[in-house]
Structure formats: structure tokens, C-alpha cells
Amino acid sequence: MGAQQLDDVAAHGVRSNRGARDVRAKRTVFSPARLERMRAIMATHVDGRELSGLVHLVCRRGEEHGEAIGTLAFDSRAPMQEDTIFRLASTTKPITAVATMLLLEECKLRLDDPVDPWLPELANRRVLRAIDAPLDDTVPASRPITVRDLLTFRAGYGEIFFAAPGAPLQIALAEARLPLAVWPFPDSADELMKRLGALPLAHQPGERWLYHMSAEILGVLVARASGKPFATFLRERLFEPLGMNDTGFHVPEAKLDRLATCYVADPITRQVSTSDTPRGGLYARPPVFESGAGGLVSTAPDLLAFGKMLLADGIHGRERILSRASIELMTSDQLTPEQKAHSPFFPAFWDSNGWGLGLGVVTRRGDLGRGPGSFGWDGAFGTSLWIDPHEELVGVLMTQCRPPVLGSAPVVQDFWTSTYAAFAE
């Protein structure tokens with residue numbers, strides 16, 4: 001393989017086991033034996049019928065390795081391929097954050113300006129006196145909600161299930177079809193904002209962190225501030241420049257045969273059942289609401305291109321997509337220790353993680369994968385995108401099964417453990 005071929009590999013990636021071995025013969029970024037072990041470990045999740053299949057890609061210091069294992073569905077003989085399309089779920093969130101940063105760089109938005117001009121439904125908020133208080137036991141908001149509040153998930157809207165399950169606000173959110181438990185939202189963006197505006201905030205703006213809903217609001221904000229549908233803005237400003245040709249809010253008819261079937265595991269029996277099918281399913285047509293918190297579909301190569309742009313301080317090829325300053329701000333922990341202590345999430349999550357602008361950041365090494373300074377996020381169906389600047393690493397995992405319990409699925413943990421264990425140096 002000549003120098004030009006190596007450049008092509010760095011730009012476009014290794015797309016077969018044979019290609020991966022050719023690159024490894026020239027470089028020592030990954031250990032061949034440990035990559036084989038990684039493949040075997042990932043295959044156990046398919047062989048044990050935990051998953052019908054998966055695709056993963058890792059790129060470290062320009063060297064790429066990828067595998068497609070299994071089939072598109074348990075009842076299908078069609079193999080997983082590099083270009084298989086997956087529902088991203090919450091791995092959508094970092095993409096929505098980058099879209100917001102584009103508007104901040106153009107000064108169409110400002111971090112600490114109120115969002116009221118764009119989101120009048122959120123003006124003059126009332127705030128619950130306590131998170132589990134009756135809906136009419138409120139006080140005035142101490143200040144308006146800002147763009148920074150939304151990006152840091154401190155706006156006062158979100159998954160209060162983690163802090164106060166069964167609280168009146170949680171019940172009201174469910175009745176309005178707003179929390180994750182009843183996702184996706186079935187109506188328009190205007191209707192989502194109307195329903196949010198009818199409910200009080202769980203806490204004062206900027207006070208604590210709550211998961212999920214801020215990203216939905218950011219998608220609406222981007223659309224209104226840009227004057228374009230959210231999907232159009234993402235396509236023109238991110239997906240087309242990055243060559244993310246298979247990323248969007250639905251799968252066109254011509255590509256539906258590439259969409260993997262989605263499953264959910266029973267919390268008691270651990271048996272999997274179909275959650276969403278390619279044809280006739282949620283993603284076979286454009287949605288009414290374009291969810292900035294979890295609505296995108298994509299492929300492993302598309303997500304890798306997005307991650308490599310972030311790793312390169314916002315540059316893709318010869319084009320700058322985002323400024324280095326934006327990425328530095330996005331990937332720095334924005335939460336105080338006190339805010340983390342009062343923001344329940346997955347067990348022990350805050351021990352080694354923080355939150356930047358629209359994505360997670362690793363604050364210290366708490367396990368065998370994802371080193372300090374890494375940033376990214378995971379999705380409920382087993383998708384994962386993280387970038388580690390110190391290791392010059394981008395990793396992407398794509399699966400389609402909601403695990404039986406809240407938290408990171410075993411396959412996600414094994415992917416990152418295996419990735420870091422495969423380093424040759």
C-alpha cells in the first residue's frame with residue numbers, strides 16, 4: 001500500500017478485515033491480536049442472541065478498524081453491513097448541540113441571552129417550590145431561561161423521574177406525552193412548546209441538571225432562529241458538508257432495506273421483542289416533530305465523519321465547520337459538584353463524568369475505557385459515539401436493542417473496554 005493509499009484510508013476508513021490487516025502491517029496503533037480478541041468479544045453479544053447484529057468503527061491516529069457482525073434482524077439472513085442504518089436515539093444530542101453552536105458563532109444566538117424572543121412559550125416561567133410539590137405550588141422564575149441553560153441541561157425541564165418518580169409534575173409530563181417514557185412526541189414542535197409552556201419548571205433556571213428535554217427545545221430553537229426546518233438546517237450546515245448522506249429524521253423508501261430492526265429487552269426475562277420495523281415503522285416516513293434529543297438515523301461511517309470533525313477541532317478536509325473555541329467550550333465540564341450532587345442520574349455516573357454543552361465529558365478514569373477528556377454520548381438502543389483527544393481516537397458503536405435496565409448496555413461497555421485494550425502503544 002503506497003502513501004496515497006494510506007492517505008485514502010485515513011480519509012475514508014478501512015472497510016474490510018483484509019483492509020484493516022493491510023494498514024496494521026504498516027502501523028502499530030492497534031495490536032492485531034487484541035483486535036481479533038475485540039472481534040470475538042463483540043461477536044458474543046450476537047451469538048448469544050442479545051443482539052441480531054452490530055457495526056463498530058474505531059479510528060486512532062488515522063488508522064481505522066471496523067467490523068459488521070450478524071444480521072439486520074433476528075428473522076433475517078441479510079447481513080449487517082458498513083452502511084446499515086440505525087436509529088441513533090440520544091446519540092442525536094451532540095449533533096443538535098453542534099447545530100446550536102453554529103448559530104452562536106454567527107451571533108444569531110448568544111449564550112446568556114434569554115430565549116424568550118424565539119421561544120415565547122417559555123417566557124415568564126413559574127417554578128415549583130419543591131420538585132415534588134403540587135403543580136400550583138410555585139414561585140416566579142428568578143430569571144429567564146438562556147441558551148446556556150438549554151445546552152447545559154439546566155433549564156428546569158427534563159426527566160424528573162430520576163429525582164422524583166411519581167411527583168405531580170412527572171404525571172403531568174406523561175399526560176402531555178413529554179417524557180422519555182412515552183417518546184417520541186407525536187405532534188408538532190409548536191404543540192410541544194405549548195404543552196411545555198403550560199407546566200411549571202422543576203427548578204430555577206441554572207440551578208440543577210435534568211436530562212433530555214433541553215435537547216428537544218434546542219431543536220425548536222435552531223429551527224426558529226435559523227428560519228429553516230430543523231432537518232433542513234442540519235442537512236445544509238452539517239450533513240452535506242461532512243458527507244453524512246445517510247443521516248436524517250427518516251429513511252427514504254430506497255434505503256429502507258438498509259435499516260436494521262429495533263428491539264427491546266424485557267426487564268425480567270431478558271428476552272427481546274420487536275420495537276420498530278423498517279417498513280411501516282416510525283422511520284419509514286418524515287416525522288411530524290423532528291426530535292433534537294433522539295430522532296436521527298445514521299450509519300457508522302456518517303457518525304465517524306462527525307466525530308473526526310470534532311477531533312480535528314472543527315475541521316473537515318479543507319473546510320472549517322466549527323471553531324476550536326466552540327469545541328473547547330462544548331467539551332469542558334459545566335456543572336459544579338453541588339449541581340451534580342442534586343441531579344440524580346444513573347448510579348455512580350457523576351463519579352467520573354460531567355456535562356459540557358449538549359454532551360457528556362469524562363472527568364476521570366472510572367473504568368477500562370473512555371479516558372479523561374473524552375466527550376460524546378450514548379443512545380438507548382445501543383449506539384455510542386465518543387471522542388478522546390488525548391488518544392486521537394473516535395469510536396462508534398451501532399446496535400438496535402434497548403437494554404432491560406436503565407444504563408449502559410453490556411455491549412457498549414465491552415466495546416469501549418476492548419477498544420482501549422487494543423492499543424499497541
# chains A, B, ... in the order shown; residues from 1 in each chain; ligands from 1
call {"tool": "closest_atom_pairs", "arguments": {"of": "segment 242-300 of chain A", "to": "segment 212-221 of chain A", "cutoff": "8 Å", "atoms": "only C-alpha atoms", "output": "Markdown table"}}
result
| residue | atom | partner | partner_atom | distance |
| --- | --- | --- | --- | --- |
| A:Glu290 | CA | A:Gly219 | CA | 7.5 |
| A:Ser291 | CA | A:Glu216 | CA | 5.8 |
| A:Gly292 | CA | A:Gly219 | CA | 4.7 |
| A:Ala293 | CA | A:Ala215 | CA | 4.7 |
call {"tool": "residues_around", "arguments": {"residues": "Gln339 of chain A", "least_positions_apart": "6", "cutoff": "9 Å", "atoms": "only C-alpha atoms", "output": "tab-separated table (two decimals) with all heavy atoms, in the first residue's frame"}}
result
chain	number	residue	atom	x	y	z
A	207	GLU	N	-30.13	26.08	38.02
A	207	GLU	CA	-29.92	25.54	39.36
A	207	GLU	C	-29.38	24.12	39.37
A	207	GLU	O	-28.48	23.79	40.13
A	207	GLU	CB	-31.23	25.59	40.13
A	207	GLU	CG	-31.13	25.19	41.59
A	207	GLU	CD	-32.46	25.36	42.30
A	207	GLU	OE1	-33.39	24.59	42.02
A	207	GLU	OE2	-32.56	26.28	43.14
A	208	ARG	N	-29.95	23.25	38.55
A	208	ARG	CA	-29.51	21.85	38.52
A	208	ARG	C	-29.69	21.26	37.13
A	208	ARG	O	-30.25	21.90	36.24
A	208	ARG	CB	-30.25	21.01	39.56
A	208	ARG	CG	-31.75	20.87	39.28
A	208	ARG	CD	-32.40	19.86	40.22
A	208	ARG	NE	-32.48	20.37	41.58
A	208	ARG	CZ	-33.08	19.71	42.57
A	208	ARG	NH1	-33.62	18.52	42.36
A	208	ARG	NH2	-33.15	20.24	43.79
A	209	TRP	N	-29.22	20.06	36.94
A	209	TRP	CA	-29.22	19.38	35.64
A	209	TRP	C	-30.38	18.40	35.57
A	209	TRP	O	-30.62	17.64	36.53
A	209	TRP	CB	-27.88	18.65	35.50
A	209	TRP	CG	-27.63	17.91	34.22
A	209	TRP	CD1	-27.00	18.39	33.10
A	209	TRP	CD2	-27.90	16.52	33.94
A	209	TRP	NE1	-26.88	17.40	32.15
A	209	TRP	CE2	-27.44	16.25	32.64
A	209	TRP	CE3	-28.52	15.50	34.66
A	209	TRP	CZ2	-27.55	15.00	32.04
A	209	TRP	CZ3	-28.65	14.25	34.07
A	209	TRP	CH2	-28.17	14.00	32.78
call {"tool": "residues_around", "arguments": {"residues": "segment 246-256 of chain A", "least_positions_apart": "6", "cutoff": "6 Å", "atoms": "only C-alpha atoms", "output": "NGL selection string"}}
result
:A and (278 or 283-286 or 295-298)
call {"tool": "write_last_selection", "arguments": {"atoms": "N, CA, C and O atoms", "output": "mmCIF file, in the first residue's frame"}}
result
data_model
loop_
_atom_site.group_PDB
_atom_site.id
_atom_site.type_symbol
_atom_site.label_atom_id
_atom_site.label_comp_id
_atom_site.auth_asym_id
_atom_site.auth_seq_id
_atom_site.Cartn_x
_atom_site.Cartn_y
_atom_site.Cartn_z
ATOM 1 N N PRO A 278 -38.417 -1.771 9.890
ATOM 2 C CA PRO A 278 -38.061 -0.824 8.831
ATOM 3 C C PRO A 278 -39.267 -0.332 8.039
ATOM 4 O O PRO A 278 -39.507 0.866 7.939
ATOM 5 N N TYR A 283 -39.718 5.234 11.284
ATOM 6 C CA TYR A 283 -38.753 5.967 10.459
ATOM 7 C C TYR A 283 -38.965 5.774 8.966
ATOM 8 O O TYR A 283 -38.135 6.192 8.163
ATOM 9 N N ALA A 284 -40.085 5.188 8.583
ATOM 10 C CA ALA A 284 -40.371 4.979 7.171
ATOM 11 C C ALA A 284 -40.974 6.223 6.518
ATOM 12 O O ALA A 284 -41.199 6.234 5.300
ATOM 13 N N ARG A 285 -41.221 7.246 7.300
ATOM 14 C CA ARG A 285 -41.816 8.482 6.787
ATOM 15 C C ARG A 285 -41.300 9.656 7.621
ATOM 16 O O ARG A 285 -40.903 9.466 8.767
ATOM 17 N N PRO A 286 -41.329 10.851 7.073
ATOM 18 C CA PRO A 286 -40.875 12.015 7.853
ATOM 19 C C PRO A 286 -41.742 12.200 9.093
ATOM 20 O O PRO A 286 -42.966 12.070 9.032
ATOM 21 N N GLY A 295 -34.075 11.840 17.553
ATOM 22 C CA GLY A 295 -34.828 11.438 16.382
ATOM 23 C C GLY A 295 -34.053 11.058 15.144
ATOM 24 O O GLY A 295 -34.655 10.638 14.153
ATOM 25 N N LEU A 296 -32.733 11.170 15.146
ATOM 26 C CA LEU A 296 -31.977 10.934 13.917
ATOM 27 C C LEU A 296 -31.685 9.453 13.669
ATOM 28 O O LEU A 296 -31.579 8.657 14.603
ATOM 29 N N VAL A 297 -31.542 9.124 12.399
ATOM 30 C CA VAL A 297 -30.976 7.844 11.973
ATOM 31 C C VAL A 297 -29.651 8.140 11.288
ATOM 32 O O VAL A 297 -29.438 9.229 10.748
ATOM 33 N N SER A 298 -28.738 7.157 11.310
ATOM 34 C CA SER A 298 -27.430 7.388 10.709
ATOM 35 C C SER A 298 -26.727 6.055 10.509
ATOM 36 O O SER A 298 -27.270 4.981 10.828
#
call {"tool": "residues_around", "arguments": {"residues": "segment 396-404 of chain A", "least_positions_apart": "4", "cutoff": "6 Å", "atoms": "only C-alpha atoms", "output": "PyMOL selection string"}}
result
chain A and resi 54-57+262-267+380-385+409
call {"tool": "residues_around", "arguments": {"residues": "Trp118 of chain A", "least_positions_apart": "2", "cutoff": "7 Å", "atoms": "only C-alpha atoms", "output": "mmCIF file with all heavy atoms, in the first residue's frame"}}
result
data_model
loop_
_atom_site.group_PDB
_atom_site.id
_atom_site.type_symbol
_atom_site.label_atom_id
_atom_site.label_comp_id
_atom_site.auth_asym_id
_atom_site.auth_seq_id
_atom_site.Cartn_x
_atom_site.Cartn_y
_atom_site.Cartn_z
ATOM 1 N N VAL A 115 -34.056 33.130 25.865
ATOM 2 C CA VAL A 115 -34.600 32.507 24.650
ATOM 3 C C VAL A 115 -36.011 33.004 24.355
ATOM 4 O O VAL A 115 -36.618 32.590 23.361
ATOM 5 C CB VAL A 115 -34.596 30.966 24.765
ATOM 6 C CG1 VAL A 115 -33.176 30.442 24.913
ATOM 7 C CG2 VAL A 115 -35.468 30.507 25.935
ATOM 8 N N ASP A 116 -36.534 33.904 25.176
ATOM 9 C CA ASP A 116 -37.907 34.362 25.022
ATOM 10 C C ASP A 116 -38.257 34.877 23.617
ATOM 11 O O ASP A 116 -39.356 34.600 23.122
ATOM 12 C CB ASP A 116 -38.208 35.468 26.042
ATOM 13 C CG ASP A 116 -38.104 34.990 27.477
ATOM 14 O OD1 ASP A 116 -37.761 33.812 27.685
ATOM 15 O OD2 ASP A 116 -38.357 35.794 28.396
ATOM 16 N N PRO A 120 -41.312 32.153 22.894
ATOM 17 C CA PRO A 120 -42.158 32.933 23.811
ATOM 18 C C PRO A 120 -42.971 32.064 24.759
ATOM 19 O O PRO A 120 -43.394 32.549 25.815
ATOM 20 C CB PRO A 120 -43.061 33.723 22.860
ATOM 21 C CG PRO A 120 -43.044 32.967 21.565
ATOM 22 C CD PRO A 120 -41.671 32.379 21.478
ATOM 23 N N LEU A 221 -35.447 25.677 18.890
ATOM 24 C CA LEU A 221 -34.741 26.957 18.882
ATOM 25 C C LEU A 221 -33.932 27.128 17.606
ATOM 26 O O LEU A 221 -33.950 28.204 16.977
ATOM 27 C CB LEU A 221 -33.839 27.056 20.106
ATOM 28 C CG LEU A 221 -32.969 28.310 20.216
ATOM 29 C CD1 LEU A 221 -33.828 29.554 20.368
ATOM 30 C CD2 LEU A 221 -31.986 28.188 21.378
ATOM 31 N N ARG A 224 -36.298 27.895 14.668
ATOM 32 C CA ARG A 224 -36.886 29.242 14.696
ATOM 33 C C ARG A 224 -35.834 30.319 14.489
ATOM 34 O O ARG A 224 -36.066 31.310 13.784
ATOM 35 C CB ARG A 224 -37.622 29.448 16.011
ATOM 36 C CG ARG A 224 -38.876 28.578 16.149
ATOM 37 C CD ARG A 224 -39.623 28.869 17.440
ATOM 38 N NE ARG A 224 -40.823 28.051 17.577
ATOM 39 C CZ ARG A 224 -41.659 28.112 18.613
ATOM 40 N NH1 ARG A 224 -41.409 28.966 19.613
ATOM 41 N NH2 ARG A 224 -42.736 27.346 18.672
ATOM 42 N N ALA A 225 -34.671 30.164 15.080
ATOM 43 C CA ALA A 225 -33.630 31.188 14.946
ATOM 44 C C ALA A 225 -33.019 31.214 13.548
ATOM 45 O O ALA A 225 -32.581 32.266 13.074
ATOM 46 C CB ALA A 225 -32.540 30.959 15.988
#
call {"tool": "select_by_dssp", "arguments": {"residues": "segment 8-112 of chain A", "states": "strand (DSSP E or B)", "output": "JSON, numbers by chain"}}
result
{"A": [30, 53, 54, 55, 56, 57, 58, 59, 60, 63, 64, 65, 66, 67, 68, 69, 70, 71, 79, 85, 86, 87]}
call {"tool": "atom_distance", "arguments": {"atom1": "atom CA of Thr336 of chain A", "atom2": "atom CA of Gly206 of chain A"}}
result
10.9 Å
call {"tool": "closest_atom_pairs", "arguments": {"of": "segment 279-341 of chain A", "to": "segment 142-159 of chain A", "cutoff": "9 Å", "atoms": "only C-alpha atoms", "output": "tab-separated table"}}
result
residue	atom	partner	partner_atom	distance
A:Met330	CA	A:Leu151	CA	8.8
A:Gln334	CA	A:Thr152	CA	6.8
A:Leu335	CA	A:Thr152	CA	7.9
call {"tool": "residues_around", "arguments": {"residues": "Gly360 of chain A", "least_positions_apart": "2", "cutoff": "9 Å", "atoms": "only C-alpha atoms", "output": "NGL selection string"}}
result
:A and (94 or 331 or 333 or 353-358 or 362 or 374-377 or 386)
call {"tool": "write_last_selection", "arguments": {"atoms": "N, CA and C atoms", "output": "compact mmCIF listing (two decimals), in the first residue's frame"}}
result
# COMPACT_ATOMS: atom_id res chain seq x y z
N PRO A 94 -25.51 15.28 20.73
CA PRO A 94 -24.34 16.08 20.36
C PRO A 94 -24.47 16.77 19.01
N THR A 331 -16.80 20.89 25.29
CA THR A 331 -16.22 19.69 25.89
C THR A 331 -15.63 19.91 27.27
N ASP A 333 -16.40 20.56 31.33
CA ASP A 333 -17.46 20.27 32.30
C ASP A 333 -18.06 21.58 32.81
N ASN A 353 -17.91 11.48 35.45
CA ASN A 353 -18.44 12.17 34.28
C ASN A 353 -18.94 13.56 34.65
N GLY A 354 -18.95 14.43 33.66
CA GLY A 354 -19.55 15.73 33.77
C GLY A 354 -20.41 15.99 32.55
N TRP A 355 -20.83 17.23 32.39
CA TRP A 355 -21.66 17.60 31.24
C TRP A 355 -21.15 18.91 30.68
N GLY A 356 -20.92 18.92 29.38
CA GLY A 356 -20.47 20.13 28.71
C GLY A 356 -21.65 20.88 28.13
N LEU A 357 -21.59 21.19 26.83
CA LEU A 357 -22.71 21.81 26.13
C LEU A 357 -23.32 20.77 25.21
N GLY A 358 -24.35 20.10 25.69
CA GLY A 358 -25.09 19.14 24.88
C GLY A 358 -24.48 17.77 24.77
N VAL A 362 -15.84 13.05 30.13
CA VAL A 362 -15.24 12.19 31.14
C VAL A 362 -14.27 13.02 31.97
N SER A 374 -12.38 12.61 27.33
CA SER A 374 -13.25 12.11 26.27
C SER A 374 -14.60 12.81 26.33
N PHE A 375 -15.25 12.91 25.19
CA PHE A 375 -16.57 13.52 25.15
C PHE A 375 -17.43 12.83 24.09
N GLY A 376 -18.74 12.82 24.32
CA GLY A 376 -19.67 12.18 23.40
C GLY A 376 -20.93 11.81 24.12
N TRP A 377 -21.65 10.81 23.57
CA TRP A 377 -22.86 10.36 24.23
C TRP A 377 -23.33 9.04 23.64
N TRP A 386 -18.00 8.47 21.01
CA TRP A 386 -17.13 9.20 21.93
C TRP A 386 -15.82 9.53 21.22
call {"tool": "residues_around", "arguments": {"residues": "Pro179 of chain A", "least_positions_apart": "4", "cutoff": "10 Å", "atoms": "only C-alpha atoms", "output": "list in words"}}
result
Tyr157, Gly158, Glu159, Ile160, Phe161, Gln170, Ile171, Ala172, Leu173, Ala174, Glu175, Trp183, Pro184, Phe185, Tyr211, His212 and Met213 of chain A
call {"tool": "atom_distance", "arguments": {"atom1": "atom CA of Thr28 of chain A", "atom2": "atom CA of Val411 of chain A"}}
result
25.8 Å
call {"tool": "closest_residue", "arguments": {"among": "A:Met42, A:Cys107, A:Ala123, A:Leu51", "to": "Thr274 of chain A", "atoms": "only C-alpha atoms"}}
result
A:Leu51
call {"tool": "closest_residue", "arguments": {"among": "A:Leu88, A:Ile268, A:Ile69, A:Ala312", "to": "Val405 of chain A", "atoms": "only C-alpha atoms"}}
result
A:Ile268
call {"tool": "closest_residue", "arguments": {"among": "A:Arg125, A:Lys308, A:Arg237, A:Arg39", "to": "Thr100 of chain A", "atoms": "only C-alpha atoms"}}
result
A:Arg237
call {"tool": "atom_distance", "arguments": {"atom1": "atom CA of Leu303 of chain A", "atom2": "atom CA of Gln271 of chain A"}}
result
29.1 Å
call {"tool": "closest_residue", "arguments": {"among": "A:Ala260, A:Leu178, A:Leu311, A:Leu406", "to": "Gly53 of chain A", "atoms": "only C-alpha atoms"}}
result
A:Ala260
call {"tool": "closest_residue", "arguments": {"among": "A:Leu234, A:Leu102, A:Ile95, A:Leu128", "to": "Ser323 of chain A", "atoms": "only C-alpha atoms"}}
result
A:Leu102
